[in-house]
Amino acid sequence: MFIFYVKFEVKEVNVLNKTIAKKINQQMNKEFQSSYLYLNISNYYNSMGFSGFKVWFDTQFQIELEHARLFITYLLQHGEKIDFDNAKSNNCKYFYDFLEPMELSLLNERNNRLSINEIYNLAKDMNDCNTISFIADFISNHLMERDDFLRKFIVEIDSCGFKKMNFKIEERSFRFAFGKK
């Protein structure tokens with residue numbers, strides 16, 4: 001006869017304020033929507049023959065999925081349920097020029113940052129130190145680089161006179177400008 005002893009560990013769960021939990025859940029869904037946007041942009045650049053931009057936006061797609069996972073983990077650690085809003089790729093569209101996807105990406109990044117700042121400020125107002133720490137860490141480790149790259153890239157391309165270029169007409173000269181044969 002065997003006797004098994006099972007030790008159960010009960011962890012204390014810090015319960016989140018329902019408003020903060022809802023905002024974090026909404027942000028998680030925004031991260032999924034961003035991933036779809038970047039996948040759509042990746043496919044656009046791939047169809048235009050720009051494999052480097054395709055790879056960069058594929059990477060951004062993966063990063064956004066990781067961001068969503070971080071928010072999911074945080075919610076679960078605090079005993080919250082995950083509410084997927086069936087994030088769809090409502091961003092699937094044809095882009096009319098080379099810069100439009102970059103500009104849309106920058107706008108998306110800025111909107112996400114505003115949403116994340118809103119969570120931070122709400123947590124600060126409610127004196128939720130765990131969420132303040134989580135969001136501050138998220139901001140410092142995940143937000144700044146892409147925005148800076150997109151902003152600088154758009155300025156550079158715009159200064160070269162490529163803004164709003166019709167790709168189908170000017171594809172050959174544009175490929176030459178970017179060193180593609």
# chains A, B, ... in the order shown; residues from 1 in each chain; ligands from 1
call {"tool": "residues_around", "arguments": {"residues": "segment 105-122 of chain A", "least_positions_apart": "5", "cutoff": "7 Å", "atoms": "only C-alpha atoms", "output": "number ranges by chain"}}
result
A: 20, 23, 132, 135, 147, 150-151
call {"tool": "residues_around", "arguments": {"residues": "segment 64-75 of chain A", "least_positions_apart": "4", "cutoff": "8 Å", "atoms": "only C-alpha atoms", "output": "list in words"}}
result
Ala21, Ile24, Asn25, Gln27, Met28, Asn29, Glu31, Phe32, Ser34, Ser35, Gln60, Gly79, Glu80, Lys81 and Ile82 of chain A
call {"tool": "select_by_dssp", "arguments": {"residues": "segment 36-128 of chain A", "states": "alpha helix (DSSP H)", "output": "ChimeraX atom specification"}}
result
/A:36-47,51-77,100-125
call {"tool": "residues_around", "arguments": {"residues": "Tyr44 of chain A", "least_positions_apart": "2", "cutoff": "10 Å", "atoms": "only C-alpha atoms", "output": "PDB file with N, CA and C atoms, in the first residue's frame"}}
result
ATOM      1  N   TYR A  38      -0.070  44.830 -38.474  1.00  0.00           N
ATOM      2  CA  TYR A  38       1.301  44.639 -38.932  1.00  0.00           C
ATOM      3  C   TYR A  38       1.431  43.454 -39.884  1.00  0.00           C
ATOM      4  N   LEU A  39       0.629  42.432 -39.672  1.00  0.00           N
ATOM      5  CA  LEU A  39       0.635  41.313 -40.602  1.00  0.00           C
ATOM      6  C   LEU A  39       0.098  41.753 -41.966  1.00  0.00           C
ATOM      7  N   ASN A  40      -0.946  42.568 -41.955  1.00  0.00           N
ATOM      8  CA  ASN A  40      -1.504  43.100 -43.198  1.00  0.00           C
ATOM      9  C   ASN A  40      -0.470  43.962 -43.932  1.00  0.00           C
ATOM     10  N   ILE A  41       0.224  44.793 -43.190  1.00  0.00           N
ATOM     11  CA  ILE A  41       1.249  45.651 -43.794  1.00  0.00           C
ATOM     12  C   ILE A  41       2.391  44.802 -44.337  1.00  0.00           C
ATOM     13  N   SER A  42       2.773  43.779 -43.600  1.00  0.00           N
ATOM     14  CA  SER A  42       3.813  42.870 -44.064  1.00  0.00           C
ATOM     15  C   SER A  42       3.425  42.253 -45.410  1.00  0.00           C
ATOM     16  N   ASN A  46       5.281  42.723 -48.990  1.00  0.00           N
ATOM     17  CA  ASN A  46       5.694  41.517 -49.695  1.00  0.00           C
ATOM     18  C   ASN A  46       5.153  41.520 -51.122  1.00  0.00           C
ATOM     19  N   SER A  47       3.893  41.925 -51.277  1.00  0.00           N
ATOM     20  CA  SER A  47       3.293  41.944 -52.619  1.00  0.00           C
ATOM     21  C   SER A  47       3.972  42.974 -53.521  1.00  0.00           C
ATOM     22  N   MET A  48       4.590  43.990 -52.922  1.00  0.00           N
ATOM     23  CA  MET A  48       5.292  45.011 -53.694  1.00  0.00           C
ATOM     24  C   MET A  48       6.754  44.639 -53.927  1.00  0.00           C
ATOM     25  N   GLY A  49       7.183  43.526 -53.373  1.00  0.00           N
ATOM     26  CA  GLY A  49       8.545  43.065 -53.596  1.00  0.00           C
ATOM     27  C   GLY A  49       9.576  43.601 -52.618  1.00  0.00           C
ATOM     28  N   PHE A  50       9.130  44.165 -51.505  1.00  0.00           N
ATOM     29  CA  PHE A  50      10.053  44.719 -50.511  1.00  0.00           C
ATOM     30  C   PHE A  50      10.190  43.750 -49.342  1.00  0.00           C
ATOM     31  N   PHE A  53      11.061  45.135 -45.718  1.00  0.00           N
ATOM     32  CA  PHE A  53       9.933  45.694 -44.976  1.00  0.00           C
ATOM     33  C   PHE A  53       8.985  44.591 -44.527  1.00  0.00           C
ATOM     34  N   LYS A  54       8.833  43.566 -45.357  1.00  0.00           N
ATOM     35  CA  LYS A  54       7.999  42.427 -44.977  1.00  0.00           C
ATOM     36  C   LYS A  54       8.534  41.781 -43.705  1.00  0.00           C
ATOM     37  N   PHE A  57       7.994  44.064 -40.611  1.00  0.00           N
ATOM     38  CA  PHE A  57       6.620  44.065 -40.115  1.00  0.00           C
ATOM     39  C   PHE A  57       6.189  42.686 -39.609  1.00  0.00           C
ATOM     40  N   CYS A  92      -7.490  45.431 -42.778  1.00  0.00           N
ATOM     41  CA  CYS A  92      -7.132  44.888 -44.084  1.00  0.00           C
ATOM     42  C   CYS A  92      -7.658  45.814 -45.167  1.00  0.00           C
ATOM     43  N   LYS A  93      -6.750  46.326 -45.923  1.00  0.00           N
ATOM     44  CA  LYS A  93      -7.114  47.241 -46.992  1.00  0.00           C
ATOM     45  C   LYS A  93      -5.973  47.330 -47.974  1.00  0.00           C
ATOM     46  N   TYR A  94      -6.258  47.919 -49.083  1.00  0.00           N
ATOM     47  CA  TYR A  94      -5.222  48.187 -50.065  1.00  0.00           C
ATOM     48  C   TYR A  94      -4.603  49.532 -49.713  1.00  0.00           C
ATOM     49  N   PHE A  95      -3.299  49.570 -49.699  1.00  0.00           N
ATOM     50  CA  PHE A  95      -2.610  50.820 -49.432  1.00  0.00           C
ATOM     51  C   PHE A  95      -2.283  51.474 -50.765  1.00  0.00           C
ATOM     52  N   PHE A  98       3.444  53.939 -50.755  1.00  0.00           N
ATOM     53  CA  PHE A  98       4.449  53.295 -49.932  1.00  0.00           C
ATOM     54  C   PHE A  98       4.402  53.747 -48.473  1.00  0.00           C
ATOM     55  N   PRO A 101       1.139  52.750 -45.126  1.00  0.00           N
ATOM     56  CA  PRO A 101       1.237  51.767 -44.031  1.00  0.00           C
ATOM     57  C   PRO A 101       2.123  52.252 -42.885  1.00  0.00           C
TER      58      PRO A 101
END
call {"tool": "closest_residue", "arguments": {"among": "A:Ile139, A:Ser133, A:Lys152, A:Gln62", "to": "Tyr36 of chain A", "atoms": "only C-alpha atoms"}}
result
A:Gln62
call {"tool": "closest_residue", "arguments": {"among": "A:Leu99, A:Phe61, A:Ile157, A:Lys124", "to": "Asn43 of chain A", "atoms": "only C-alpha atoms"}}
result
A:Phe61
call {"tool": "atom_distance", "arguments": {"atom1": "atom CA of Gln26 of chain A", "atom2": "atom CA of Glu103 of chain A"}}
result
23.0 Å
call {"tool": "atom_distance", "arguments": {"atom1": "atom CA of Leu76 of chain A", "atom2": "atom CA of Asp58 of chain A"}}
result
27.3 Å
